[in-house]
file start_1.txt (compact mmCIF, N, CA, C and O atoms)
# COMPACT_ATOMS: atom_id res chain seq x y z
N MET O 21 133.27 113.24 104.28
CA MET O 21 131.86 112.94 104.20
C MET O 21 131.16 113.50 105.44
O MET O 21 131.72 113.50 106.51
N SER O 22 129.96 113.95 105.26
CA SER O 22 129.21 114.55 106.35
C SER O 22 128.62 113.48 107.25
O SER O 22 128.56 112.31 106.91
N SER O 23 128.17 113.94 108.43
CA SER O 23 127.55 112.99 109.36
C SER O 23 126.06 112.93 109.06
O SER O 23 125.23 113.39 109.83
N GLN O 24 125.74 112.37 107.93
CA GLN O 24 124.36 112.27 107.47
C GLN O 24 123.69 111.07 108.12
O GLN O 24 124.31 110.04 108.35
N LYS O 25 122.41 111.21 108.41
CA LYS O 25 121.63 110.11 108.98
C LYS O 25 120.96 109.34 107.84
O LYS O 25 120.41 109.93 106.93
N TYR O 26 121.06 108.03 107.91
CA TYR O 26 120.43 107.18 106.90
C TYR O 26 119.35 106.37 107.57
O TYR O 26 119.51 105.91 108.70
N ASP O 27 118.23 106.18 106.88
CA ASP O 27 117.15 105.41 107.49
C ASP O 27 117.49 103.91 107.46
O ASP O 27 118.36 103.47 106.72
N GLU O 28 116.80 103.19 108.28
CA GLU O 28 117.08 101.77 108.47
C GLU O 28 116.91 100.96 107.19
O GLU O 28 117.69 100.06 106.91
N SER O 29 115.90 101.29 106.39
CA SER O 29 115.68 100.53 105.15
C SER O 29 116.84 100.72 104.18
O SER O 29 117.24 99.77 103.49
N PHE O 30 117.42 101.92 104.13
CA PHE O 30 118.57 102.18 103.28
C PHE O 30 119.76 101.34 103.75
O PHE O 30 120.45 100.70 102.96
N LYS O 31 119.99 101.34 105.06
CA LYS O 31 121.11 100.57 105.62
C LYS O 31 120.95 99.08 105.31
O LYS O 31 121.91 98.42 104.91
N LYS O 32 119.73 98.58 105.48
CA LYS O 32 119.49 97.16 105.22
C LYS O 32 119.66 96.82 103.74
O LYS O 32 120.14 95.74 103.39
N LYS O 33 119.30 97.76 102.88
CA LYS O 33 119.49 97.56 101.44
C LYS O 33 120.98 97.44 101.12
O LYS O 33 121.40 96.56 100.37
N ILE O 34 121.79 98.31 101.71
CA ILE O 34 123.25 98.26 101.50
C ILE O 34 123.82 96.95 102.01
O ILE O 34 124.64 96.31 101.36
N VAL O 35 123.38 96.52 103.19
CA VAL O 35 123.85 95.25 103.76
C VAL O 35 123.46 94.09 102.86
O VAL O 35 124.27 93.19 102.60
N GLN O 36 122.25 94.11 102.33
CA GLN O 36 121.80 93.04 101.43
C GLN O 36 122.66 93.00 100.17
O GLN O 36 123.05 91.93 99.71
N LEU O 37 122.97 94.15 99.62
CA LEU O 37 123.84 94.21 98.44
C LEU O 37 125.22 93.63 98.76
O LEU O 37 125.81 92.93 97.94
N HIS O 38 125.69 93.91 99.96
CA HIS O 38 126.98 93.34 100.37
C HIS O 38 126.89 91.81 100.48
O HIS O 38 127.78 91.09 100.01
N LEU O 39 125.81 91.33 101.07
CA LEU O 39 125.64 89.88 101.21
C LEU O 39 125.52 89.19 99.86
O LEU O 39 125.83 88.01 99.73
N GLU O 40 125.09 89.93 98.86
CA GLU O 40 124.99 89.38 97.50
C GLU O 40 126.32 89.44 96.76
O GLU O 40 126.40 89.02 95.61
N GLY O 41 127.36 89.96 97.42
CA GLY O 41 128.69 89.90 96.83
C GLY O 41 129.36 91.22 96.52
O GLY O 41 130.48 91.23 96.04
N ARG O 42 128.71 92.32 96.78
CA ARG O 42 129.30 93.63 96.47
C ARG O 42 130.24 94.05 97.60
O ARG O 42 129.94 93.85 98.78
N ALA O 43 131.34 94.65 97.27
CA ALA O 43 132.33 95.09 98.26
C ALA O 43 131.87 96.39 98.92
O ALA O 43 131.29 97.26 98.26
N PRO O 44 132.13 96.54 100.22
CA PRO O 44 131.76 97.78 100.91
C PRO O 44 132.37 99.03 100.28
O PRO O 44 131.71 100.07 100.20
N THR O 45 133.60 98.92 99.79
CA THR O 45 134.22 100.09 99.16
C THR O 45 133.47 100.47 97.87
O THR O 45 133.26 101.64 97.60
N GLU O 46 133.07 99.47 97.10
CA GLU O 46 132.31 99.70 95.87
C GLU O 46 130.96 100.34 96.20
O GLU O 46 130.53 101.30 95.56
N LEU O 47 130.28 99.80 97.22
CA LEU O 47 128.99 100.33 97.63
C LEU O 47 129.14 101.76 98.14
O LEU O 47 128.29 102.61 97.89
N GLY O 48 130.22 102.00 98.88
CA GLY O 48 130.47 103.34 99.42
C GLY O 48 130.60 104.37 98.31
O GLY O 48 130.05 105.47 98.41
N LYS O 49 131.34 104.03 97.28
CA LYS O 49 131.50 104.95 96.14
C LYS O 49 130.18 105.18 95.43
O LYS O 49 129.83 106.30 95.08
N GLU O 50 129.44 104.09 95.20
CA GLU O 50 128.19 104.19 94.45
C GLU O 50 127.13 104.99 95.19
O GLU O 50 126.41 105.80 94.60
N TYR O 51 127.01 104.75 96.51
CA TYR O 51 125.95 105.40 97.30
C TYR O 51 126.46 106.58 98.13
O TYR O 51 125.72 107.14 98.92
N LYS O 52 127.75 106.93 97.97
CA LYS O 52 128.36 108.05 98.68
C LYS O 52 128.21 107.90 100.20
O LYS O 52 127.75 108.80 100.89
N VAL O 53 128.62 106.72 100.66
CA VAL O 53 128.58 106.39 102.08
C VAL O 53 129.97 105.89 102.47
O VAL O 53 130.63 105.21 101.69
N SER O 54 130.39 106.22 103.66
CA SER O 54 131.69 105.77 104.15
C SER O 54 131.72 104.24 104.26
O SER O 54 130.79 103.64 104.83
N PRO O 55 132.77 103.59 103.73
CA PRO O 55 132.88 102.14 103.90
C PRO O 55 132.88 101.72 105.37
O PRO O 55 132.36 100.67 105.73
N THR O 56 133.41 102.59 106.23
CA THR O 56 133.41 102.30 107.68
C THR O 56 131.97 102.19 108.19
O THR O 56 131.65 101.30 108.98
N ALA O 57 131.12 103.10 107.74
CA ALA O 57 129.70 103.04 108.13
C ALA O 57 129.07 101.75 107.62
O ALA O 57 128.31 101.09 108.34
N ILE O 58 129.41 101.37 106.39
CA ILE O 58 128.84 100.15 105.81
C ILE O 58 129.28 98.94 106.61
O ILE O 58 128.47 98.06 106.91
N TYR O 59 130.55 98.89 107.02
CA TYR O 59 131.02 97.76 107.84
C TYR O 59 130.25 97.70 109.16
O TYR O 59 129.89 96.61 109.63
N SER O 60 129.98 98.85 109.76
CA SER O 60 129.22 98.83 111.02
C SER O 60 127.78 98.38 110.79
O SER O 60 127.20 97.68 111.62
N TRP O 61 127.19 98.76 109.64
CA TRP O 61 125.83 98.31 109.32
C TRP O 61 125.81 96.80 109.10
O TRP O 61 124.86 96.12 109.47
N ILE O 62 126.86 96.29 108.48
CA ILE O 62 126.94 94.84 108.24
C ILE O 62 126.94 94.11 109.58
O ILE O 62 126.22 93.14 109.77
N LYS O 63 127.73 94.60 110.51
CA LYS O 63 127.77 93.98 111.84
C LYS O 63 126.41 94.08 112.53
O LYS O 63 125.99 93.16 113.23
N LEU O 64 125.74 95.18 112.32
CA LEU O 64 124.47 95.43 112.98
C LEU O 64 123.31 94.64 112.37
O LEU O 64 122.49 94.06 113.08
N TYR O 65 123.27 94.59 111.03
CA TYR O 65 122.09 94.03 110.36
C TYR O 65 122.28 92.67 109.70
O TYR O 65 121.30 92.03 109.34
N ALA O 66 123.51 92.25 109.49
CA ALA O 66 123.71 90.95 108.83
C ALA O 66 123.20 89.85 109.76
O ALA O 66 123.66 89.70 110.88
N ASP O 67 122.26 89.12 109.27
CA ASP O 67 121.64 88.05 110.05
C ASP O 67 122.64 86.91 110.24
O ASP O 67 123.35 86.55 109.31
N GLU O 68 122.68 86.37 111.42
CA GLU O 68 123.60 85.26 111.72
C GLU O 68 123.33 84.06 110.82
O GLU O 68 124.23 83.29 110.51
N THR O 69 122.10 83.92 110.40
CA THR O 69 121.75 82.76 109.58
C THR O 69 121.94 83.01 108.09
O THR O 69 121.75 82.11 107.29
N ALA O 70 122.31 84.23 107.73
CA ALA O 70 122.51 84.54 106.31
C ALA O 70 123.68 83.74 105.76
O ALA O 70 124.66 83.49 106.45
N VAL O 71 123.55 83.33 104.54
CA VAL O 71 124.59 82.54 103.89
C VAL O 71 125.66 83.49 103.37
O VAL O 71 125.34 84.45 102.67
N SER O 72 126.90 83.22 103.73
CA SER O 72 127.98 84.06 103.24
C SER O 72 128.23 83.78 101.77
O SER O 72 127.77 82.77 101.22
N LEU O 73 128.96 84.65 101.14
CA LEU O 73 129.25 84.49 99.72
C LEU O 73 130.03 83.20 99.48
O LEU O 73 129.76 82.47 98.53
N LYS O 74 130.96 82.89 100.37
CA LYS O 74 131.75 81.66 100.23
C LYS O 74 130.85 80.43 100.34
O LYS O 74 130.95 79.50 99.55
N GLU O 75 129.95 80.44 101.33
CA GLU O 75 129.02 79.32 101.49
C GLU O 75 128.11 79.19 100.27
O GLU O 75 127.85 78.09 99.79
N PHE O 76 127.64 80.33 99.77
CA PHE O 76 126.77 80.33 98.61
C PHE O 76 127.48 79.75 97.39
O PHE O 76 126.92 78.94 96.66
N THR O 77 128.74 80.15 97.20
CA THR O 77 129.53 79.63 96.09
C THR O 77 129.71 78.12 96.22
O THR O 77 129.58 77.39 95.23
N ASN O 78 129.98 77.65 97.43
CA ASN O 78 130.13 76.21 97.65
C ASN O 78 128.83 75.46 97.36
O ASN O 78 128.85 74.38 96.77
N ILE O 79 127.72 76.04 97.76
CA ILE O 79 126.42 75.41 97.51
C ILE O 79 126.15 75.36 96.00
O ILE O 79 125.66 74.34 95.49
N GLN O 80 126.49 76.43 95.28
CA GLN O 80 126.31 76.43 93.82
C GLN O 80 127.15 75.34 93.17
O GLN O 80 126.69 74.65 92.26
N LYS O 81 128.40 75.19 93.61
CA LYS O 81 129.29 74.17 93.04
C LYS O 81 128.73 72.78 93.30
O LYS O 81 128.73 71.93 92.41
N GLU O 82 128.26 72.55 94.53
CA GLU O 82 127.70 71.24 94.85
C GLU O 82 126.43 70.98 94.03
O GLU O 82 126.23 69.87 93.53
N ASN O 83 125.61 71.99 93.86
CA ASN O 83 124.40 71.85 93.06
C ASN O 83 124.74 71.48 91.62
O ASN O 83 124.11 70.59 91.04
N THR O 84 125.73 72.13 91.04
CA THR O 84 126.16 71.82 89.68
C THR O 84 126.66 70.38 89.58
O THR O 84 126.31 69.66 88.65
N ARG O 85 127.46 69.97 90.57
CA ARG O 85 127.99 68.60 90.59
C ARG O 85 126.85 67.58 90.68
O ARG O 85 126.84 66.58 89.95
N LEU O 86 125.88 67.85 91.53
CA LEU O 86 124.76 66.93 91.68
C LEU O 86 123.91 66.86 90.42
O LEU O 86 123.44 65.77 90.05
N LYS O 87 123.73 67.98 89.75
CA LYS O 87 122.99 67.97 88.48
C LYS O 87 123.71 67.12 87.44
O LYS O 87 123.08 66.39 86.68
N GLN O 88 125.04 67.21 87.43
CA GLN O 88 125.83 66.41 86.49
C GLN O 88 125.68 64.92 86.82
O GLN O 88 125.54 64.09 85.92
N GLU O 89 125.69 64.59 88.11
CA GLU O 89 125.51 63.20 88.52
C GLU O 89 124.15 62.67 88.08
O GLU O 89 124.03 61.54 87.61
N VAL O 90 123.12 63.48 88.23
CA VAL O 90 121.78 63.08 87.83
C VAL O 90 121.74 62.82 86.33
O VAL O 90 121.16 61.82 85.87
N GLU O 91 122.36 63.68 85.55
CA GLU O 91 122.41 63.49 84.10
C GLU O 91 123.12 62.19 83.74
O GLU O 91 122.67 61.45 82.87
N ILE O 92 124.23 61.92 84.40
CA ILE O 92 124.98 60.67 84.15
C ILE O 92 124.12 59.46 84.48
O ILE O 92 124.06 58.49 83.72
N LEU O 93 123.42 59.53 85.61
CA LEU O 93 122.55 58.41 86.00
C LEU O 93 121.39 58.23 85.02
O LEU O 93 121.00 57.10 84.72
N LYS O 94 120.83 59.33 84.52
CA LYS O 94 119.77 59.23 83.52
C LYS O 94 120.29 58.55 82.26
O LYS O 94 119.61 57.69 81.68
N GLN O 95 121.48 58.93 81.83
CA GLN O 95 122.07 58.33 80.63
C GLN O 95 122.36 56.84 80.86
O GLN O 95 122.11 56.01 79.98
N ALA O 96 122.87 56.52 82.04
CA ALA O 96 123.15 55.13 82.36
C ALA O 96 121.85 54.32 82.39
O ALA O 96 121.81 53.17 81.89
N MET O 97 120.82 54.88 82.95
CA MET O 97 119.52 54.20 83.00
C MET O 97 118.98 53.98 81.59
O MET O 97 118.44 52.90 81.29
N ALA O 98 119.14 54.97 80.74
CA ALA O 98 118.67 54.83 79.35
C ALA O 98 119.44 53.72 78.64
O ALA O 98 118.84 52.92 77.90
N ILE O 99 120.71 53.64 78.87
CA ILE O 99 121.53 52.60 78.24
C ILE O 99 121.14 51.22 78.77
O ILE O 99 121.01 50.25 78.01
N MET O 100 120.94 51.10 80.06
CA MET O 100 120.62 49.81 80.68
C MET O 100 119.23 49.32 80.28
O MET O 100 119.03 48.12 80.16
N THR O 101 118.29 50.21 80.06
CA THR O 101 116.92 49.78 79.73
C THR O 101 116.76 49.45 78.25
O THR O 101 115.81 48.78 77.87
N THR O 102 117.68 49.90 77.41
CA THR O 102 117.57 49.61 75.98
C THR O 102 118.15 48.25 75.63
O THR O 102 117.93 47.77 74.54
N LYS O 103 118.87 47.63 76.52
CA LYS O 103 119.48 46.32 76.23
C LYS O 103 118.53 45.20 76.52
O LYS O 103 117.69 45.14 77.28

call {"tool": "encode", "arguments": {"input": "start_1.txt", "output": "C-alpha cells"}}
result
Amino acid sequence: MSSQKYDESFKKKIVQLHLEGRAPTELGKEYKVSPTAIYSWIKLYADETAVSLKEFTNIQKENTRLKQEVEILKQAMAIMTTK
C-alpha cells in the first residue's frame, strides 16, 4: 500500500465505524487502508468516553431485561387491580 495521506474527517469516519463494531481488517479491505494505520487512528481519535462494543452490548442486555421487568410488573398490576 502506498503512503497516501488521508484527511482527518476520513480517519474519524473509519474510527467511528470501528466503534460501531466493524473490525479494522474488514475496514482496511473495504476502504483500501492498512489495518495498522486504522489501529493508530483508533488510538488517536477514539474518545476516552466512547462506549466500547462490549459495554454497549451489556447496556443493551440490561435494557432488554429491564423492559421485561416492566412488562411483568404491568401484568401483575393489571391482575391485582382486577380483583

call {"tool": "closest_residue", "arguments": {"input": "start_1.txt", "among": "O:Ser72, O:Ser54, O:Gln24, O:Gln80", "to": "Glu40 (chain O)", "atoms": "all atoms listed in the file"}}
result
O:Ser72

call {"tool": "closest_residue", "arguments": {"input": "start_1.txt", "among": "O:Thr84, O:Ile99, O:Ile34, O:Leu93", "to": "Lys52 (chain O)", "atoms": "only C-alpha atoms"}}
result
O:Ile34

call {"tool": "atom_distance", "arguments": {"input": "start_1.txt", "atom1": "CA of Val35 (chain O)", "atom2": "CA of Ile62 (chain O)"}}
result
5.5 Å

call {"tool": "atom_distance", "arguments": {"input": "start_1.txt", "atom1": "atom C of Glu91 (chain O)", "atom2": "atom C of Leu73 (chain O)"}}
result
27.1 Å

call {"tool": "residues_around", "arguments": {"input": "start_1.txt", "residues": "Thr45 (chain O)", "least_positions_apart": "2", "cutoff": "9 Å", "atoms": "only C-alpha atoms", "output": "list in words"}}
result
Arg42, Ala43, Leu47, Gly48, Lys49, Glu50, Val53, Ser54, Pro55, Thr56 and Ile58 of chain O

call {"tool": "atom_distance", "arguments": {"input": "start_1.txt", "atom1": "atom O of Leu39 (chain O)", "atom2": "CA of Lys87 (chain O)"}}
result
23.2 Å

call {"tool": "decode", "arguments": {"input": "start_1.txt", "residues": "region 51-64 of chain O", "atoms": "all heavy atoms", "output": "mmCIF file, in the first residue's frame"}}
result
data_model
loop_
_atom_site.group_PDB
_atom_site.id
_atom_site.type_symbol
_atom_site.label_atom_id
_atom_site.label_comp_id
_atom_site.auth_asym_id
_atom_site.auth_seq_id
_atom_site.Cartn_x
_atom_site.Cartn_y
_atom_site.Cartn_z
ATOM 1 N N TYR O 51 -11.964 -0.060 2.553
ATOM 2 C CA TYR O 51 -11.528 1.293 2.212
ATOM 3 C C TYR O 51 -10.094 1.347 1.675
ATOM 4 O O TYR O 51 -9.554 2.419 1.464
ATOM 5 C CB TYR O 51 -11.674 2.218 3.426
ATOM 6 C CG TYR O 51 -13.118 2.472 3.774
ATOM 7 C CD1 TYR O 51 -13.765 1.694 4.730
ATOM 8 C CD2 TYR O 51 -13.840 3.470 3.141
ATOM 9 C CE1 TYR O 51 -15.105 1.920 5.049
ATOM 10 C CE2 TYR O 51 -15.167 3.704 3.443
ATOM 11 C CZ TYR O 51 -15.786 2.924 4.401
ATOM 12 O OH TYR O 51 -17.115 3.147 4.709
ATOM 13 N N LYS O 52 -9.464 0.169 1.505
ATOM 14 C CA LYS O 52 -8.106 0.068 0.983
ATOM 15 C C LYS O 52 -7.116 0.883 1.820
ATOM 16 O O LYS O 52 -6.361 1.701 1.311
ATOM 17 C CB LYS O 52 -8.061 0.476 -0.482
ATOM 18 C CG LYS O 52 -8.908 -0.447 -1.354
ATOM 19 C CD LYS O 52 -8.803 -0.117 -2.799
ATOM 20 C CE LYS O 52 -9.585 -1.002 -3.720
ATOM 21 N NZ LYS O 52 -10.642 -1.817 -3.251
ATOM 22 N N VAL O 53 -7.182 0.616 3.127
ATOM 23 C CA VAL O 53 -6.309 1.275 4.093
ATOM 24 C C VAL O 53 -5.649 0.183 4.923
ATOM 25 O O VAL O 53 -6.275 -0.827 5.244
ATOM 26 C CB VAL O 53 -7.120 2.210 5.028
ATOM 27 C CG1 VAL O 53 -6.234 2.842 6.070
ATOM 28 C CG2 VAL O 53 -7.837 3.265 4.224
ATOM 29 N N SER O 54 -4.417 0.391 5.286
ATOM 30 C CA SER O 54 -3.699 -0.574 6.116
ATOM 31 C C SER O 54 -4.369 -0.695 7.488
ATOM 32 O O SER O 54 -4.651 0.325 8.136
ATOM 33 C CB SER O 54 -2.252 -0.115 6.300
ATOM 34 O OG SER O 54 -1.660 -0.760 7.390
ATOM 35 N N PRO O 55 -4.619 -1.925 7.955
ATOM 36 C CA PRO O 55 -5.172 -2.089 9.311
ATOM 37 C C PRO O 55 -4.286 -1.450 10.380
ATOM 38 O O PRO O 55 -4.775 -0.937 11.372
ATOM 39 C CB PRO O 55 -5.259 -3.603 9.493
ATOM 40 C CG PRO O 55 -5.365 -4.142 8.105
ATOM 41 C CD PRO O 55 -4.532 -3.215 7.264
ATOM 42 N N THR O 56 -2.975 -1.443 10.136
ATOM 43 C CA THR O 56 -2.051 -0.799 11.083
ATOM 44 C C THR O 56 -2.359 0.691 11.195
ATOM 45 O O THR O 56 -2.357 1.248 12.294
ATOM 46 C CB THR O 56 -0.597 -1.007 10.619
ATOM 47 O OG1 THR O 56 -0.363 -2.407 10.450
ATOM 48 C CG2 THR O 56 0.386 -0.454 11.636
ATOM 49 N N ALA O 57 -2.621 1.323 10.065
ATOM 50 C CA ALA O 57 -2.985 2.747 10.080
ATOM 51 C C ALA O 57 -4.289 2.944 10.838
ATOM 52 O O ALA O 57 -4.425 3.880 11.638
ATOM 53 C CB ALA O 57 -3.114 3.279 8.656
ATOM 54 N N ILE O 58 -5.242 2.038 10.626
ATOM 55 C CA ILE O 58 -6.536 2.154 11.307
ATOM 56 C C ILE O 58 -6.351 2.023 12.809
ATOM 57 O O ILE O 58 -6.935 2.787 13.581
ATOM 58 C CB ILE O 58 -7.532 1.112 10.759
ATOM 59 C CG1 ILE O 58 -7.858 1.424 9.297
ATOM 60 C CG2 ILE O 58 -8.804 1.087 11.600
ATOM 61 C CD1 ILE O 58 -8.700 0.397 8.596
ATOM 62 N N TYR O 59 -5.507 1.081 13.251
ATOM 63 C CA TYR O 59 -5.253 0.939 14.686
ATOM 64 C C TYR O 59 -4.646 2.222 15.257
ATOM 65 O O TYR O 59 -5.003 2.643 16.366
ATOM 66 C CB TYR O 59 -4.330 -0.249 14.964
ATOM 67 C CG TYR O 59 -5.013 -1.589 14.883
ATOM 68 C CD1 TYR O 59 -4.686 -2.512 13.894
ATOM 69 C CD2 TYR O 59 -5.997 -1.953 15.798
ATOM 70 C CE1 TYR O 59 -5.309 -3.745 13.816
ATOM 71 C CE2 TYR O 59 -6.628 -3.178 15.730
ATOM 72 C CZ TYR O 59 -6.279 -4.076 14.739
ATOM 73 O OH TYR O 59 -6.908 -5.284 14.674
ATOM 74 N N SER O 60 -3.746 2.846 14.518
ATOM 75 C CA SER O 60 -3.154 4.092 15.030
ATOM 76 C C SER O 60 -4.189 5.211 15.076
ATOM 77 O O SER O 60 -4.179 6.039 15.986
ATOM 78 C CB SER O 60 -1.939 4.505 14.197
ATOM 79 O OG SER O 60 -2.318 4.867 12.899
ATOM 80 N N TRP O 61 -5.117 5.244 14.093
ATOM 81 C CA TRP O 61 -6.184 6.252 14.120
ATOM 82 C C TRP O 61 -7.112 6.023 15.303
ATOM 83 O O TRP O 61 -7.595 6.965 15.921
ATOM 84 C CB TRP O 61 -6.993 6.219 12.834
ATOM 85 C CG TRP O 61 -6.209 6.519 11.588
ATOM 86 C CD1 TRP O 61 -4.971 7.096 11.521
ATOM 87 C CD2 TRP O 61 -6.593 6.241 10.256
ATOM 88 N NE1 TRP O 61 -4.569 7.191 10.212
ATOM 89 C CE2 TRP O 61 -5.549 6.672 9.407
ATOM 90 C CE3 TRP O 61 -7.713 5.666 9.682
ATOM 91 C CZ2 TRP O 61 -5.599 6.556 8.030
ATOM 92 C CZ3 TRP O 61 -7.777 5.544 8.303
ATOM 93 C CH2 TRP O 61 -6.730 5.986 7.488
ATOM 94 N N ILE O 62 -7.360 4.761 15.609
ATOM 95 C CA ILE O 62 -8.226 4.433 16.752
ATOM 96 C C ILE O 62 -7.600 4.977 18.029
ATOM 97 O O ILE O 62 -8.268 5.611 18.845
ATOM 98 C CB ILE O 62 -8.468 2.913 16.849
ATOM 99 C CG1 ILE O 62 -9.325 2.447 15.672
ATOM 100 C CG2 ILE O 62 -9.119 2.547 18.179
ATOM 101 C CD1 ILE O 62 -9.363 0.948 15.486
ATOM 102 N N LYS O 63 -6.308 4.761 18.182
ATOM 103 C CA LYS O 63 -5.610 5.281 19.369
ATOM 104 C C LYS O 63 -5.652 6.801 19.402
ATOM 105 O O LYS O 63 -5.778 7.407 20.466
ATOM 106 C CB LYS O 63 -4.159 4.810 19.385
ATOM 107 C CG LYS O 63 -3.999 3.360 19.717
ATOM 108 C CD LYS O 63 -2.531 2.975 19.740
ATOM 109 C CE LYS O 63 -2.360 1.493 19.985
ATOM 110 N NZ LYS O 63 -0.945 1.091 19.958
ATOM 111 N N LEU O 64 -5.558 7.403 18.246
ATOM 112 C CA LEU O 64 -5.505 8.861 18.155
ATOM 113 C C LEU O 64 -6.870 9.518 18.350
ATOM 114 O O LEU O 64 -6.997 10.512 19.066
ATOM 115 C CB LEU O 64 -4.926 9.260 16.793
ATOM 116 C CG LEU O 64 -4.695 10.733 16.526
ATOM 117 C CD1 LEU O 64 -3.657 11.285 17.497
ATOM 118 C CD2 LEU O 64 -4.232 10.919 15.091
#
